[in-house]
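Beneath this line is the structure, given in structure tokens, with notes to follow.
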Amino acid sequence: QVQLVESGGGLVQAGGSLRLSCAASGRIFSVNAMGWYRQAPGKQRELVAVITTSSGSTNYAESVKGRFTISGDNAKNTVDLQMDSLKPEDTAVYYCNAKSIYRQYWGQGTQVTVSS
């Protein structure tokens, strides 16, 4: 099992910044990618950004490219999401995700609200 705990959500004005952090514990050796997803009210959960644990390669949703940056620290078993130039449409519950060859794991989610 892998446990994920998120932190760093909150309320920010449009154009502002927030940084989300996710700490992983448990069977970390089995994880090959970590990322962030989000779910807005009435919408499906969508991928925001992902980073592989081996090479550090990243992938972003088109809607956040150039504004969000994902980073990982394998020594600390953490993954962060730096969110800049936030827009009201970024408002959602953000979930940390970890994938192994067997299954994927989810954090409890953290609310991000961007006011206009």
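Ordering of the structure tokens sets the chain letters (A, B, ...), residue numbers begin anew at 1 in every chain, and ligands are numbered from 1 in the order given.
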Extract, using only C-alpha atoms, all DNA, RNA and protein residues at most 6 Å from range 12-25 of chain A, discarding same-chain residues fewer than 5 positions from it, and format them as a PDB file with N, CA and C atoms, in the first residue's frame.
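Generated output (selection-v6.pdb):
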```pdb
ATOM      1  N   VAL A   2       0.328   2.293  -0.587  1.00  0.00           N
ATOM      2  CA  VAL A   2       0.971   3.609  -0.615  1.00  0.00           C
ATOM      3  C   VAL A   2      -0.023   4.616  -0.052  1.00  0.00           C
ATOM      4  N   GLN A   3       0.435   5.436   0.864  1.00  0.00           N
ATOM      5  CA  GLN A   3      -0.404   6.483   1.439  1.00  0.00           C
ATOM      6  C   GLN A   3       0.070   7.839   0.916  1.00  0.00           C
ATOM      7  N   LEU A   4      -0.889   8.681   0.568  1.00  0.00           N
ATOM      8  CA  LEU A   4      -0.591  10.001   0.026  1.00  0.00           C
ATOM      9  C   LEU A   4      -1.301  11.057   0.849  1.00  0.00           C
ATOM     10  N   VAL A   5      -0.572  12.105   1.237  1.00  0.00           N
ATOM     11  CA  VAL A   5      -1.151  13.188   2.007  1.00  0.00           C
ATOM     12  C   VAL A   5      -0.826  14.508   1.314  1.00  0.00           C
ATOM     13  N   GLU A   6      -1.880  15.230   0.933  1.00  0.00           N
ATOM     14  CA  GLU A   6      -1.698  16.512   0.246  1.00  0.00           C
ATOM     15  C   GLU A   6      -1.770  17.670   1.235  1.00  0.00           C
ATOM     16  N   SER A   7      -1.167  18.783   0.832  1.00  0.00           N
ATOM     17  CA  SER A   7      -1.267  20.019   1.595  1.00  0.00           C
ATOM     18  C   SER A   7      -1.055  21.190   0.645  1.00  0.00           C
ATOM     19  N   ASN A  77      10.406  11.528  -1.012  1.00  0.00           N
ATOM     20  CA  ASN A  77       9.143  10.920  -1.427  1.00  0.00           C
ATOM     21  C   ASN A  77       8.021  11.948  -1.489  1.00  0.00           C
ATOM     22  N   THR A  78       8.325  13.065  -2.111  1.00  0.00           N
ATOM     23  CA  THR A  78       7.336  14.121  -2.252  1.00  0.00           C
ATOM     24  C   THR A  78       7.202  14.545  -3.713  1.00  0.00           C
ATOM     25  N   VAL A  79       6.057  15.074  -4.037  1.00  0.00           N
ATOM     26  CA  VAL A  79       5.839  15.685  -5.352  1.00  0.00           C
ATOM     27  C   VAL A  79       5.063  16.970  -5.133  1.00  0.00           C
ATOM     28  N   ASP A  80       5.531  18.034  -5.754  1.00  0.00           N
ATOM     29  CA  ASP A  80       4.926  19.341  -5.594  1.00  0.00           C
ATOM     30  C   ASP A  80       4.342  19.828  -6.919  1.00  0.00           C
ATOM     31  N   LEU A  81       3.369  20.699  -6.792  1.00  0.00           N
ATOM     32  CA  LEU A  81       2.785  21.344  -7.974  1.00  0.00           C
ATOM     33  C   LEU A  81       2.774  22.849  -7.718  1.00  0.00           C
ATOM     34  N   GLN A  82       3.637  23.554  -8.428  1.00  0.00           N
ATOM     35  CA  GLN A  82       3.660  25.011  -8.343  1.00  0.00           C
ATOM     36  C   GLN A  82       2.681  25.558  -9.368  1.00  0.00           C
ATOM     37  N   MET A  83       1.712  26.325  -8.897  1.00  0.00           N
ATOM     38  CA  MET A  83       0.662  26.846  -9.765  1.00  0.00           C
ATOM     39  C   MET A  83       0.755  28.371  -9.790  1.00  0.00           C
ATOM     40  N   ASP A  84       1.067  28.916 -10.938  1.00  0.00           N
ATOM     41  CA  ASP A  84       1.182  30.361 -11.131  1.00  0.00           C
ATOM     42  C   ASP A  84       0.120  30.839 -12.109  1.00  0.00           C
ATOM     43  N   SER A  85      -0.094  32.142 -12.113  1.00  0.00           N
ATOM     44  CA  SER A  85      -1.079  32.754 -13.017  1.00  0.00           C
ATOM     45  C   SER A  85      -2.415  32.023 -12.953  1.00  0.00           C
ATOM     46  N   LEU A  86      -2.867  31.780 -11.753  1.00  0.00           N
ATOM     47  CA  LEU A  86      -4.093  30.998 -11.564  1.00  0.00           C
ATOM     48  C   LEU A  86      -5.302  31.724 -12.134  1.00  0.00           C
ATOM     49  N   LYS A  87      -6.225  30.917 -12.649  1.00  0.00           N
ATOM     50  CA  LYS A  87      -7.457  31.417 -13.239  1.00  0.00           C
ATOM     51  C   LYS A  87      -8.654  30.852 -12.486  1.00  0.00           C
ATOM     52  N   VAL A 114     -10.026  29.786  -6.850  1.00  0.00           N
ATOM     53  CA  VAL A 114      -9.461  30.994  -7.450  1.00  0.00           C
ATOM     54  C   VAL A 114     -10.604  31.976  -7.684  1.00  0.00           C
ATOM     55  N   SER A 115     -10.532  33.108  -7.023  1.00  0.00           N
ATOM     56  CA  SER A 115     -11.593  34.112  -7.162  1.00  0.00           C
ATOM     57  C   SER A 115     -11.241  35.103  -8.279  1.00  0.00           C
ATOM     58  N   SER A 116     -12.286  35.587  -8.927  1.00  0.00           N
ATOM     59  CA  SER A 116     -12.074  36.530 -10.049  1.00  0.00           C
ATOM     60  C   SER A 116     -12.051  37.972  -9.579  1.00  0.00           C
TER      61      SER A 116
END
```
For the contact check between range 20-40 of chain A and range 53-70 of chain A, emit one row per residue of range 20-40 of chain A within 12 Å, containing the shortest atom pair and the distance in Å rounded to one decimal, counting only C-alpha atoms, chain then rising number order, as a tab-separated table.
```
residue	atom	partner	partner_atom	distance
A:Leu20	CA	A:Ile70	CA	9.4
A:Ser21	CA	A:Ile70	CA	9.8
A:Cys22	CA	A:Ile70	CA	11.0
A:Ile28	CA	A:Thr53	CA	10.1
A:Phe29	CA	A:Thr53	CA	9.7
A:Ser30	CA	A:Thr53	CA	10.2
A:Val31	CA	A:Thr53	CA	7.4
A:Asn32	CA	A:Thr53	CA	5.3
A:Ala33	CA	A:Thr53	CA	5.3
A:Met34	CA	A:Thr53	CA	7.1
A:Gly35	CA	A:Ile70	CA	7.8
A:Trp36	CA	A:Ile70	CA	8.5
A:Tyr37	CA	A:Ala61	CA	9.7
A:Arg38	CA	A:Ala61	CA	10.9
```
The selected residues should be written to file as a compact mmCIF listing (two decimals), in the first residue's frame (atoms: N, CA and C atoms).
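Okay, this is what ended up in part.txt:
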```
# COMPACT_ATOMS: atom_id res chain seq x y z
N LEU A 20 1.14 23.20 -4.12
CA LEU A 20 0.61 21.99 -3.51
C LEU A 20 1.76 21.01 -3.27
N SER A 21 1.67 20.30 -2.15
CA SER A 21 2.67 19.29 -1.85
C SER A 21 1.98 17.97 -1.54
N CYS A 22 2.64 16.89 -1.90
CA CYS A 22 2.12 15.55 -1.63
C CYS A 22 3.25 14.70 -1.07
N ILE A 28 6.82 2.65 -1.39
CA ILE A 28 7.23 3.65 -2.38
C ILE A 28 7.99 3.02 -3.54
N PHE A 29 8.72 1.94 -3.29
CA PHE A 29 9.56 1.33 -4.31
C PHE A 29 8.74 0.86 -5.50
N SER A 30 7.45 0.63 -5.27
CA SER A 30 6.60 0.12 -6.36
C SER A 30 6.06 1.23 -7.26
N VAL A 31 6.24 2.48 -6.85
CA VAL A 31 5.66 3.61 -7.60
C VAL A 31 6.56 4.00 -8.76
N ASN A 32 6.00 4.14 -9.97
CA ASN A 32 6.80 4.56 -11.10
C ASN A 32 6.39 5.92 -11.66
N ALA A 33 5.29 6.47 -11.18
CA ALA A 33 4.89 7.81 -11.60
C ALA A 33 4.00 8.42 -10.53
N MET A 34 4.12 9.73 -10.38
CA MET A 34 3.25 10.47 -9.47
C MET A 34 2.72 11.69 -10.20
N GLY A 35 1.56 12.11 -9.78
CA GLY A 35 0.98 13.26 -10.48
C GLY A 35 -0.14 13.91 -9.70
N TRP A 36 -0.73 14.90 -10.35
CA TRP A 36 -1.85 15.63 -9.79
C TRP A 36 -3.02 15.60 -10.77
N TYR A 37 -4.18 15.35 -10.23
CA TYR A 37 -5.43 15.41 -10.97
C TYR A 37 -6.32 16.45 -10.27
N ARG A 38 -7.35 16.87 -10.97
CA ARG A 38 -8.31 17.78 -10.35
C ARG A 38 -9.72 17.46 -10.80
```
From the DSSP assignment of the backbone, select every residue of chain A that is helix (DSSP H, G or I), and format the answer as a PyMOL selection string.
-> chain A and resi 28-30+88-90
Mind dumping the selected residues with all heavy atoms as a short mmCIF file (atom, residue, chain, number, x, y, z; two decimals), in the first residue's frame?
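Heads up, here's the output in again-v3.cif:
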```cif
data_model
loop_
_atom_site.label_atom_id
_atom_site.label_comp_id
_atom_site.auth_asym_id
_atom_site.auth_seq_id
_atom_site.Cartn_x
_atom_site.Cartn_y
_atom_site.Cartn_z
N ILE A 28 6.82 2.65 -1.39
CA ILE A 28 7.23 3.65 -2.38
C ILE A 28 7.99 3.02 -3.54
O ILE A 28 7.90 3.48 -4.67
CB ILE A 28 8.08 4.74 -1.72
CG1 ILE A 28 7.36 5.34 -0.53
CG2 ILE A 28 8.44 5.82 -2.71
CD1 ILE A 28 6.04 5.98 -0.87
N PHE A 29 8.72 1.94 -3.29
CA PHE A 29 9.56 1.33 -4.31
C PHE A 29 8.74 0.86 -5.50
O PHE A 29 9.26 0.70 -6.59
CB PHE A 29 10.34 0.15 -3.72
CG PHE A 29 9.47 -0.97 -3.22
CD1 PHE A 29 9.09 -2.00 -4.08
CD2 PHE A 29 9.03 -1.02 -1.92
CE1 PHE A 29 8.29 -3.02 -3.65
CE2 PHE A 29 8.23 -2.04 -1.46
CZ PHE A 29 7.85 -3.06 -2.33
N SER A 30 7.45 0.63 -5.27
CA SER A 30 6.60 0.12 -6.36
C SER A 30 6.06 1.23 -7.26
O SER A 30 5.51 0.95 -8.33
CB SER A 30 5.41 -0.66 -5.78
OG SER A 30 4.53 0.22 -5.09
N PRO A 88 -9.79 31.51 -12.53
CA PRO A 88 -10.98 30.97 -11.86
C PRO A 88 -11.32 29.55 -12.32
O PRO A 88 -11.80 28.74 -11.52
CB PRO A 88 -12.08 31.96 -12.25
CG PRO A 88 -11.36 33.25 -12.43
CD PRO A 88 -10.04 32.88 -13.05
N GLU A 89 -11.04 29.24 -13.58
CA GLU A 89 -11.34 27.89 -14.08
C GLU A 89 -10.40 26.82 -13.52
O GLU A 89 -10.59 25.63 -13.77
CB GLU A 89 -11.31 27.85 -15.61
CG GLU A 89 -10.08 28.46 -16.24
CD GLU A 89 -10.29 29.91 -16.68
OE1 GLU A 89 -10.89 30.68 -15.90
OE2 GLU A 89 -9.83 30.26 -17.78
N ASP A 90 -9.38 27.22 -12.77
CA ASP A 90 -8.52 26.25 -12.09
C ASP A 90 -9.14 25.79 -10.77
O ASP A 90 -8.59 24.89 -10.11
CB ASP A 90 -7.14 26.86 -11.81
CG ASP A 90 -6.36 27.15 -13.06
OD1 ASP A 90 -6.37 26.32 -13.98
OD2 ASP A 90 -5.72 28.23 -13.12
#
```
Point-to-point distance in Å for CA of Gly42 in chain A and CA of Thr91 in chain A | 12.1 Å
